[in-house]
$ cat query.cif   # mmCIF, C-alpha atoms
data_upload
#
loop_
_atom_site.label_atom_id
_atom_site.label_comp_id
_atom_site.auth_asym_id
_atom_site.auth_seq_id
_atom_site.Cartn_x
_atom_site.Cartn_y
_atom_site.Cartn_z
CA MET A 1 -95.99 7.55 11.21
CA GLU A 2 -97.96 4.46 12.06
CA LEU A 3 -98.03 1.59 9.67
CA VAL A 4 -101.77 1.81 9.13
CA GLN A 5 -101.45 5.50 8.31
CA MET A 6 -98.67 4.81 5.85
CA GLN A 7 -100.73 2.15 4.16
CA LYS A 8 -103.68 4.51 3.90
CA SER A 9 -101.44 7.22 2.46
CA LEU A 10 -100.16 4.83 -0.14
CA GLN A 11 -103.65 3.80 -1.14
CA ASP A 12 -104.82 7.40 -1.38
CA TYR A 13 -101.76 8.39 -3.34
CA THR A 14 -102.14 5.54 -5.79
CA LYS A 15 -105.80 6.29 -6.21
CA SER A 16 -105.03 9.92 -7.01
CA LEU A 17 -102.73 8.83 -9.82
CA PHE A 18 -105.58 6.95 -11.43
CA LEU A 19 -108.06 9.75 -10.88
CA ASP A 20 -105.66 12.23 -12.45
CA GLY A 21 -105.27 9.95 -15.43
CA VAL A 22 -101.54 9.68 -14.85
CA LEU A 23 -101.92 5.92 -14.63
CA ASP A 24 -104.46 3.65 -16.27
CA SER A 25 -105.62 0.08 -15.71
CA GLN A 26 -102.55 -1.39 -17.35
CA PHE A 27 -100.65 -0.41 -14.21
CA LEU A 28 -103.05 -2.60 -12.26
CA GLN A 29 -102.26 -5.41 -14.67
CA LEU A 30 -98.60 -5.04 -13.76
CA GLN A 31 -99.46 -5.20 -10.08
CA GLN A 32 -101.28 -8.47 -10.70
CA LEU A 33 -98.00 -9.89 -11.96
CA GLN A 34 -96.26 -9.13 -8.70
CA ASP A 35 -96.25 -11.74 -5.96
CA GLU A 36 -94.00 -13.31 -3.33
CA SER A 37 -91.87 -14.91 -6.03
CA ASN A 38 -91.55 -11.57 -7.82
CA PRO A 39 -92.01 -8.97 -5.11
CA ASP A 40 -90.34 -6.13 -7.01
CA PHE A 41 -91.75 -6.78 -10.43
CA VAL A 42 -93.54 -3.49 -10.84
CA SER A 43 -90.64 -1.33 -9.74
CA GLN A 44 -88.27 -3.36 -11.92
CA VAL A 45 -90.36 -2.89 -15.03
CA VAL A 46 -90.94 0.75 -14.28
CA THR A 47 -87.23 1.31 -13.75
CA LEU A 48 -86.56 -0.23 -17.15
CA PHE A 49 -89.20 2.04 -18.59
CA PHE A 50 -87.43 5.05 -17.11
CA GLN A 51 -84.07 4.00 -18.53
CA ASP A 52 -85.57 3.27 -21.91
CA SER A 53 -87.50 6.53 -21.97
CA ASP A 54 -84.55 8.66 -20.93
CA ARG A 55 -82.67 7.28 -23.89
CA ILE A 56 -85.56 7.77 -26.30
CA LEU A 57 -86.21 11.34 -25.19
CA ASN A 58 -82.54 12.12 -25.61
CA ASP A 59 -82.56 10.67 -29.13
CA LEU A 60 -85.70 12.60 -29.93
CA SER A 61 -84.19 15.87 -28.79
CA LEU A 62 -81.16 15.25 -30.97
CA SER A 63 -83.23 14.27 -33.99
CA LEU A 64 -85.47 17.30 -33.73
CA ASP A 65 -82.51 19.62 -33.35
CA GLN A 66 -81.10 18.66 -36.71
CA GLN A 67 -81.09 21.24 -39.51
CA VAL A 68 -83.23 18.94 -41.55
CA VAL A 69 -85.45 16.77 -39.41
CA ASP A 70 -85.61 13.16 -40.50
CA PHE A 71 -89.12 12.10 -39.59
CA LYS A 72 -88.31 8.54 -40.51
CA LYS A 73 -86.06 8.59 -37.48
CA VAL A 74 -88.33 10.58 -35.21
CA ASP A 75 -91.51 8.60 -35.66
CA PRO A 76 -90.20 5.17 -34.63
CA HIS A 77 -88.83 6.66 -31.42
CA VAL A 78 -92.19 8.14 -30.58
CA HIS A 79 -93.88 4.88 -31.48
CA GLN A 80 -91.56 3.02 -29.17
CA LEU A 81 -92.20 5.41 -26.32
CA LYS A 82 -95.90 5.18 -26.93
CA GLY A 83 -95.67 1.41 -26.73
CA SER A 84 -93.66 1.19 -23.56
CA SER A 85 -95.66 3.87 -21.77
CA SER A 86 -98.81 2.03 -22.76
CA SER A 87 -97.37 -1.22 -21.42
CA ILE A 88 -96.82 0.20 -17.96
CA GLY A 89 -99.99 2.24 -17.84
CA ALA A 90 -98.47 5.71 -18.17
CA GLN A 91 -101.59 7.01 -19.85
CA ARG A 92 -100.75 10.67 -20.26
CA VAL A 93 -97.35 9.93 -21.72
CA LYS A 94 -98.99 7.55 -24.16
CA ASN A 95 -101.62 10.07 -25.16
CA ALA A 96 -98.99 12.75 -25.68
CA CYS A 97 -97.15 10.34 -27.96
CA VAL A 98 -100.26 9.77 -30.04
CA VAL A 99 -100.51 13.50 -30.69
CA PHE A 100 -96.79 13.63 -31.37
CA ARG A 101 -97.10 10.97 -34.04
CA SER A 102 -99.77 12.87 -35.89
CA PHE A 103 -97.43 15.87 -36.12
CA CYS A 104 -94.69 13.57 -37.34
CA GLU A 105 -96.99 12.34 -40.04
CA GLN A 106 -97.66 15.92 -41.06
CA GLN A 107 -93.93 16.55 -40.96
CA ASN A 108 -94.63 19.56 -38.80
CA VAL A 109 -91.35 20.45 -37.10
CA GLU A 110 -92.78 23.18 -34.91
CA GLY A 111 -95.61 20.94 -33.82
CA CYS A 112 -93.18 18.14 -33.04
CA HIS A 113 -91.06 20.41 -30.87
CA ARG A 114 -94.14 21.35 -28.88
CA CYS A 115 -95.13 17.72 -28.61
CA LEU A 116 -91.73 16.73 -27.37
CA GLN A 117 -92.05 19.31 -24.62
CA GLN A 118 -95.45 17.96 -23.71
CA VAL A 119 -94.22 14.35 -23.69
CA LYS A 120 -91.31 15.32 -21.50
CA LYS A 121 -93.60 17.15 -19.12
CA GLU A 122 -95.90 14.14 -18.77
CA TYR A 123 -92.99 11.78 -18.51
CA TYR A 124 -91.28 13.67 -15.70
CA LEU A 125 -94.59 13.89 -13.94
CA VAL A 126 -95.26 10.16 -14.00
CA LYS A 127 -91.65 9.46 -13.15
CA ASN A 128 -91.85 11.69 -10.13
CA ARG A 129 -95.17 10.24 -8.98
CA LEU A 130 -94.07 6.64 -9.36
CA GLU A 131 -90.81 7.27 -7.56
CA THR A 132 -92.82 8.71 -4.69
CA LEU A 133 -95.12 5.71 -4.78
CA PHE A 134 -92.22 3.27 -4.60
CA LYS A 135 -90.71 5.21 -1.71
CA LEU A 136 -93.98 4.94 0.19
CA GLU A 137 -94.00 1.21 -0.46
CA GLN A 138 -90.45 0.85 0.74
CA GLN A 139 -91.25 2.68 3.95
CA ILE A 140 -94.13 0.33 4.60
CA VAL A 141 -92.05 -2.76 3.94
CA ALA A 142 -89.22 -1.39 6.07
CA SER A 143 -91.68 -0.99 8.91
CA GLY A 144 -92.58 -4.63 8.59
CA GLY A 145 -95.89 -4.02 6.85
CA MET A 146 -97.53 -5.33 3.72
CA ILE A 147 -98.41 -3.30 0.68
CA PRO A 148 -102.19 -3.06 0.66
CA ALA A 149 -103.97 -4.40 -2.39
CA MET A 150 -105.38 -1.75 -4.61
CA GLU A 151 -109.04 -1.02 -4.03
CA LEU A 152 -110.84 -0.94 -7.33
CA GLY A 153 -113.88 0.96 -6.25
CA PHE A 154 -113.45 3.93 -8.52
CA MET B 1 -87.18 0.85 -35.65
CA ALA B 2 -89.98 0.04 -33.31
CA SER B 3 -91.88 -3.06 -34.03
CA ASP B 4 -93.83 -5.45 -31.92
CA GLY B 5 -93.22 -8.87 -30.53
CA GLY B 6 -94.25 -12.42 -30.78
CA VAL B 7 -94.28 -15.57 -28.83
CA SER B 8 -93.40 -19.00 -30.00
CA CYS B 9 -94.29 -22.07 -28.10
CA LEU B 10 -92.39 -25.27 -28.60
CA ARG B 11 -92.51 -28.49 -26.76
CA ARG B 12 -89.09 -29.49 -25.62
CA SER B 13 -89.09 -32.58 -27.77
CA GLU B 14 -90.12 -30.55 -30.77
CA MET B 15 -87.29 -28.18 -30.15
CA MET B 16 -84.86 -31.06 -30.03
CA SER B 17 -86.14 -32.35 -33.31
CA VAL B 18 -85.49 -29.10 -35.06
CA GLY B 19 -81.93 -29.13 -33.99
CA ILE B 20 -81.86 -26.68 -31.20
CA GLY B 21 -79.16 -27.99 -29.03
CA GLY B 22 -77.63 -27.02 -25.78
CA ILE B 23 -80.81 -26.58 -23.89
CA ASP B 24 -79.89 -27.07 -20.36
CA SER B 25 -83.10 -27.32 -18.50
CA PRO B 26 -85.07 -30.01 -16.75
CA PRO B 27 -87.43 -32.04 -18.92
CA LEU B 28 -90.74 -30.36 -19.49
CA ASP B 29 -94.02 -31.68 -18.32
CA VAL B 30 -96.07 -33.14 -21.17
CA ASP B 31 -98.46 -30.23 -20.88
CA GLU B 32 -95.87 -27.55 -20.61
CA VAL B 33 -95.32 -25.35 -23.60
CA HIS B 34 -92.24 -23.40 -24.45
CA VAL B 35 -92.95 -20.00 -25.81
CA LEU B 36 -90.62 -17.94 -27.95
CA ALA B 37 -91.43 -14.29 -27.45
CA VAL B 38 -90.19 -11.76 -29.96
CA ASP B 39 -90.35 -8.06 -29.21
CA ASP B 40 -87.84 -5.31 -29.75
CA SER B 41 -89.09 -3.35 -26.76
CA LEU B 42 -87.35 -4.39 -23.57
CA VAL B 43 -90.25 -3.28 -21.41
CA ASP B 44 -92.69 -5.33 -23.46
CA ARG B 45 -90.39 -8.33 -23.40
CA ILE B 46 -90.21 -8.30 -19.64
CA VAL B 47 -93.95 -7.95 -19.32
CA ILE B 48 -94.86 -10.68 -21.79
CA GLU B 49 -92.27 -12.97 -20.27
CA ARG B 50 -93.82 -12.52 -16.85
CA LEU B 51 -97.33 -12.91 -18.22
CA LEU B 52 -96.35 -16.20 -19.83
CA ARG B 53 -94.42 -17.51 -16.84
CA ILE B 54 -97.32 -16.79 -14.57
CA THR B 55 -99.48 -18.91 -16.86
CA SER B 56 -97.00 -21.78 -16.61
CA CYS B 57 -95.21 -21.42 -19.86
CA LYS B 58 -91.51 -21.79 -20.27
CA VAL B 59 -90.36 -18.63 -22.01
CA THR B 60 -87.49 -17.53 -24.19
CA ALA B 61 -87.61 -13.85 -25.04
CA VAL B 62 -85.62 -12.43 -27.92
CA ASP B 63 -85.41 -8.95 -29.31
CA SER B 64 -85.70 -9.50 -33.03
CA GLY B 65 -86.90 -11.76 -35.78
CA TRP B 66 -83.29 -12.59 -36.57
CA ARG B 67 -82.66 -13.84 -33.09
CA ALA B 68 -85.87 -15.79 -33.22
CA LEU B 69 -84.63 -17.59 -36.31
CA GLU B 70 -81.31 -18.12 -34.64
CA PHE B 71 -83.00 -19.63 -31.67
CA LEU B 72 -85.07 -21.89 -33.85
CA GLY B 73 -81.91 -23.02 -35.55
CA ILE B 74 -82.87 -21.63 -38.91
CA ASP B 75 -79.92 -20.49 -40.89
CA ASN B 76 -81.17 -17.59 -42.96
CA GLU B 77 -78.94 -18.43 -45.88
CA LYS B 78 -80.24 -21.95 -46.15
CA ALA B 79 -83.75 -20.98 -45.23
CA SER B 80 -85.34 -21.25 -48.62
CA ALA B 81 -84.02 -24.74 -49.04
CA GLU B 82 -84.88 -25.91 -45.58
CA LEU B 83 -88.22 -24.35 -45.11
CA ASP B 84 -91.08 -25.40 -47.23
CA GLU B 85 -94.73 -25.94 -46.69
CA SER B 86 -94.19 -29.33 -45.11
CA SER B 87 -91.62 -28.14 -42.63
CA SER B 88 -92.38 -28.86 -39.02
CA PHE B 89 -92.22 -25.13 -38.46
CA ARG B 90 -95.50 -24.96 -40.25
CA GLN B 91 -96.91 -26.55 -37.16
CA VAL B 92 -95.79 -23.69 -35.00
CA PRO B 93 -98.78 -21.56 -34.15
CA VAL B 94 -98.07 -17.88 -34.41
CA VAL B 95 -99.84 -15.29 -32.35
CA ILE B 96 -99.48 -11.65 -33.22
CA MET B 97 -99.22 -8.87 -30.69
CA SER B 98 -99.71 -5.33 -31.80
CA SER B 99 -100.79 -1.96 -30.56
CA GLU B 100 -102.40 -1.46 -33.92
CA ASN B 101 -106.14 -1.72 -33.81
CA VAL B 102 -107.16 -1.97 -37.43
CA ILE B 103 -109.60 -4.74 -38.33
CA THR B 104 -108.33 -5.16 -41.86
CA ARG B 105 -104.84 -5.58 -40.54
CA ILE B 106 -105.96 -8.04 -37.89
CA ASP B 107 -107.90 -10.00 -40.48
CA ARG B 108 -104.89 -10.06 -42.72
CA CYS B 109 -102.72 -11.49 -39.96
CA LEU B 110 -105.25 -14.20 -39.32
CA GLU B 111 -105.65 -14.96 -43.00
CA GLU B 112 -101.92 -15.27 -43.32
CA GLY B 113 -102.09 -18.03 -40.77
CA ALA B 114 -101.72 -16.39 -37.41
CA GLU B 115 -103.41 -18.31 -34.65
CA ASP B 116 -104.59 -15.29 -32.78
CA PHE B 117 -104.12 -11.59 -32.40
CA LEU B 118 -103.47 -9.88 -29.08
CA LEU B 119 -103.96 -6.18 -28.82
CA LYS B 120 -101.31 -4.38 -26.82
CA PRO B 121 -100.97 -3.65 -24.03
CA VAL B 122 -101.37 -7.34 -23.36
CA LYS B 123 -103.33 -8.32 -20.27
CA LEU B 124 -103.22 -11.37 -18.07
CA ALA B 125 -106.68 -12.42 -19.25
CA ASP B 126 -105.45 -12.42 -22.86
CA VAL B 127 -102.56 -14.71 -22.07
CA LYS B 128 -104.70 -16.99 -19.92
CA ARG B 129 -107.20 -17.35 -22.73
CA LEU B 130 -104.41 -18.13 -25.14
CA ARG B 131 -102.90 -20.63 -22.78
CA ASN B 132 -106.18 -22.45 -22.35
CA TYR B 133 -106.89 -23.08 -25.95
CA LEU B 134 -103.27 -23.75 -26.76
CA ALA B 135 -103.17 -26.47 -24.14
CA ARG B 136 -106.25 -27.94 -25.73
CA ASP B 137 -104.82 -27.52 -29.23
CA VAL B 138 -101.56 -29.12 -28.32
CA LYS B 139 -103.30 -32.17 -26.91
CA HIS B 140 -105.41 -32.63 -29.99
CA SER B 141 -103.05 -31.59 -32.67
CA ASN B 142 -103.32 -33.29 -35.98
CA GLY B 143 -100.81 -33.66 -38.74
CA ASN B 144 -101.43 -30.37 -40.46
CA LYS B 145 -101.98 -27.87 -37.76
CA ARG B 146 -101.69 -24.83 -39.90
CA LYS B 147 -104.17 -25.00 -42.68
CA LEU B 148 -104.19 -23.39 -46.06
CA PRO B 149 -106.61 -20.49 -46.25
CA LYS B 150 -109.38 -22.47 -47.86
CA ASP B 151 -109.21 -25.05 -45.14
CA SER B 152 -109.06 -22.58 -42.30
CA PRO B 153 -111.53 -23.06 -39.53
CA PRO B 154 -113.96 -20.18 -39.22
CA LEU B 155 -112.48 -17.28 -37.32
CA THR B 156 -114.57 -14.97 -35.28
CA LEU B 157 -113.62 -11.42 -34.82
CA SER B 158 -115.55 -10.10 -31.90
CA PRO B 159 -115.40 -6.38 -31.64
CA ASP B 160 -116.20 -5.16 -28.22
CA SER B 161 -119.34 -3.08 -28.34
CA SER B 162 -118.03 -0.51 -25.91
CA ASP B 163 -116.27 2.44 -27.48
CA SER B 164 -113.37 2.48 -25.18
CA SER B 165 -112.37 -1.11 -25.63
CA PRO B 166 -110.61 -2.19 -28.74
CA PRO B 167 -111.92 -5.19 -30.67
CA ARG B 168 -110.26 -8.43 -29.83
CA SER B 169 -110.10 -11.31 -32.13
CA THR B 170 -111.06 -14.73 -31.01
CA LEU B 171 -110.18 -17.92 -32.64
CA SER B 172 -112.86 -20.55 -32.72
CA PRO B 173 -111.24 -23.85 -33.51
CA ASP B 174 -113.43 -25.88 -35.74
CA SER B 175 -114.54 -28.69 -33.53
CA SER B 176 -115.83 -30.62 -36.49
CA ASP B 177 -112.29 -30.95 -37.65
CA SER B 178 -111.57 -34.56 -38.27
CA SER B 179 -108.57 -34.87 -36.09
CA PRO B 180 -106.87 -38.07 -35.15
CA PRO B 181 -106.94 -39.10 -31.51
CA PRO B 182 -104.82 -36.98 -29.20
CA SER B 183 -101.22 -37.30 -30.18
CA THR B 184 -98.85 -39.00 -27.85
CA LEU B 185 -95.65 -37.26 -27.20
CA SER B 186 -92.76 -38.70 -29.02
CA PRO B 187 -89.27 -37.37 -28.66
CA ASP B 188 -88.66 -38.19 -32.25
CA SER B 189 -91.01 -35.97 -34.10
CA SER B 190 -88.96 -36.17 -37.21
CA ASP B 191 -90.86 -39.36 -37.80
CA SER B 192 -93.33 -38.19 -40.40
CA SER B 193 -95.95 -40.71 -39.46
CA SER B 194 -96.46 -39.38 -35.97
CA PRO B 195 -98.52 -36.23 -35.68
CA PRO B 196 -96.27 -33.27 -35.01
CA LEU B 197 -96.70 -31.38 -31.79
CA SER B 198 -98.09 -27.90 -31.71
CA PRO B 199 -95.66 -25.24 -30.75
CA VAL B 200 -96.82 -21.69 -30.59
CA GLU B 201 -95.19 -18.59 -31.83
CA ILE B 202 -96.34 -15.11 -31.02
CA PHE B 203 -94.98 -12.26 -33.01
CA SER B 204 -95.64 -8.65 -32.61
CA SER B 205 -97.08 -7.42 -35.81
CA PRO B 206 -94.53 -5.91 -38.14
CA LEU B 207 -94.75 -2.33 -39.08
CA LEU B 208 -97.00 -1.15 -41.85
CA SER B 209 -97.06 1.99 -43.87
CA PRO B 210 -98.23 4.97 -41.84
CA LEU B 211 -101.97 5.00 -41.66
CA ASP B 212 -102.65 6.60 -38.38
CA ASP B 213 -106.19 6.70 -37.31
CA GLU B 214 -107.35 8.78 -34.42
CA VAL B 215 -107.01 6.30 -31.68
CA ASP B 216 -104.19 4.03 -32.64
CA ASP B 217 -100.98 4.47 -34.38
CA VAL B 218 -99.92 2.20 -37.14
CA LEU B 219 -96.49 0.92 -37.62
CA THR B 220 -94.23 1.48 -40.52
CA SER B 221 -92.74 -1.21 -42.63
CA SER B 222 -93.30 -3.38 -45.62
CA PRO B 223 -96.42 -5.49 -45.40
CA GLU B 224 -94.46 -8.32 -46.87
CA SER B 225 -92.42 -8.90 -43.79
CA THR B 226 -95.10 -10.78 -41.92
CA PRO B 227 -94.17 -13.03 -39.05
CA SER B 228 -95.54 -16.09 -40.78
CA LEU B 229 -92.62 -15.73 -43.15
CA VAL B 230 -90.59 -17.47 -40.55
CA ARG B 231 -92.15 -20.57 -41.92
CA ARG B 232 -92.00 -19.67 -45.56
CA GLN B 233 -89.34 -19.79 -48.15
CA LYS B 234 -88.90 -16.09 -48.41
CA MET B 235 -86.73 -15.31 -45.45
CA ARG B 236 -87.00 -11.71 -44.54
CA SER B 237 -86.66 -10.92 -40.94
CA PRO B 238 -90.08 -10.80 -39.38
CA GLY B 239 -90.95 -7.50 -37.90
CA LEU B 240 -88.05 -5.57 -39.31
CA ASP B 241 -87.68 -3.44 -42.35
#
$ encode --input "query.cif" --output "structure tokens"
Amino acid sequence: MELVQMQKSLQDYTKSLFLDGVLDSQFLQLQQLQDESNPDFVSQVVTLFFQDSDRILNDLSLSLDQQVVDFKKVDPHVHQLKGSSSSIGAQRVKNACVVFRSFCEQQNVEGCHRCLQQVKKEYYLVKNRLETLFKLEQQIVASGGMIPAMELGF
Amino acid sequence: MASDGGVSCLRRSEMMSVGIGGIDSPPLDVDEVHVLAVDDSLVDRIVIERLLRITSCKVTAVDSGWRALEFLGIDNEKASAELDESSSFRQVPVVIMSSENVITRIDRCLEEGAEDFLLKPVKLADVKRLRNYLARDVKHSNGNKRKLPKDSPPLTLSPDSSDSSPPRSTLSPDSSDSSPPPSTLSPDSSDSSSPPLSPVEIFSSPLLSPLDDEVDDVLTSSPESTPSLVRRQKMRSPGLD
């Protein structure tokens, strides 16, 4: 594929993530922090987010599987995931966490289980999309091209 | 337990004066500030560190209030003896970062002496704004940077009129403040006659009791553990239960 085509694909793909609400403007903020001195900043932060989130989701699954659910343990995990997803612009994950927290507050175990499933679903979705995005970027760079700046016309 | 973070800004000479040794870095520019960022979230630490570096701050990021105290050379056991209202740490401006968007809470932080309040997720514009007035503040610092509540300059909380944007607080330094002429940097700021420099500390807001509103979550912890306690006698770890 030609470089120009790849760059266009990347732009379209990125745009679709915003239009679908998978990412929000905070992701653009992260991109602003990337430059020649920190060319991999976004992927580095996002990778940390993935590692962090994998751990949190694991802890959440364990906590919710207990005979007696300790919401004092569950809620902080969800809060943390909400915070980190918000910081990278993973909007749907964040929103799912907000709902999750309200069920925690109600101490609704069934509701929390459903929320966990929803959070996981959104998380795997954004993970998948971002991994694809980074692959597209790598292909462009490998072909000697530059990553096009994000058009903000939407 | 999830909490938020904070940033503390110290001039190198100020840091030396409070006994933080072993700093192996080139001398700072007179206008350079050193920020101590406190946040238990790794992702947030990385982001705030980058935000600060990009705005020309030297940054140290730590993951807890305890480590912040460690970094500042405050021994928790001796804290009540060492820290009092005249301590140079009182000069350290504190900025709170929180995902919590509750005006009463924000007001409370400001009343307790916080310099500013940044709503998470923090944006480059927020940090730039902070950096601008901190640079100005640091140049014109007077002897008692942090005022008692009755002496506080008027603070303006400017809620954004659009529904989707959260309110952001702004600090309007009182320009009628009778400050001495801009302080000259002196490596020996333990000299009480020279105006202390103005370091900055930004802490993520500690957790409060659950009070979720529709849009934003609230954090869970004792309201007593406010970040400004780092400069008070009562030494409970800021931001932790």
$ resolve_selection --input "query.cif" --expression "the PyMOL selection byres ((chain A) within 7 of (chain B))" --output "PyMOL selection string"
chain A and resi 29+33+45+48-49+76-77+79-80+84+86-87+98
$ resolve_selection --input "query.cif" --expression "the PyMOL selection byres ((chain A and resi 96) around 12)" --output "count of residues only"
33
$ resolve_selection --input "query.cif" --expression "the PyMOL selection byres ((chain B and resi 62) around 7)" --output "CSV table (one decimal) with C-alpha atoms, in the coordinates of the input"
chain,number,residue,atom,x,y,z
B,37,ALA,CA,-91.4,-14.3,-27.4
B,38,VAL,CA,-90.2,-11.8,-30.0
B,39,ASP,CA,-90.4,-8.1,-29.2
B,60,THR,CA,-87.5,-17.5,-24.2
B,61,ALA,CA,-87.6,-13.8,-25.0
B,63,ASP,CA,-85.4,-9.0,-29.3
B,64,SER,CA,-85.7,-9.5,-33.0
B,67,ARG,CA,-82.7,-13.8,-33.1
B,68,ALA,CA,-85.9,-15.8,-33.2
$ atom_distance --input "query.cif" --atom1 "atom CA of Leu30 of chain A" --atom2 "atom CA of Glu115 of chain B"
25.2 Å
$ atom_distance --input "query.cif" --atom1 "atom CA of Leu118 of chain B" --atom2 "atom CA of Met97 of chain B"
4.7 Å
$ atom_distance --input "query.cif" --atom1 "atom CA of Tyr133 of chain B" --atom2 "atom CA of Asp107 of chain B"
19.6 Å
$ closest_residue --input "query.cif" --among "B:Leu119, B:Leu36, B:Cys57, B:Val94" --to "Leu69 of chain B" --atoms "all atoms listed in the file"
B:Leu36
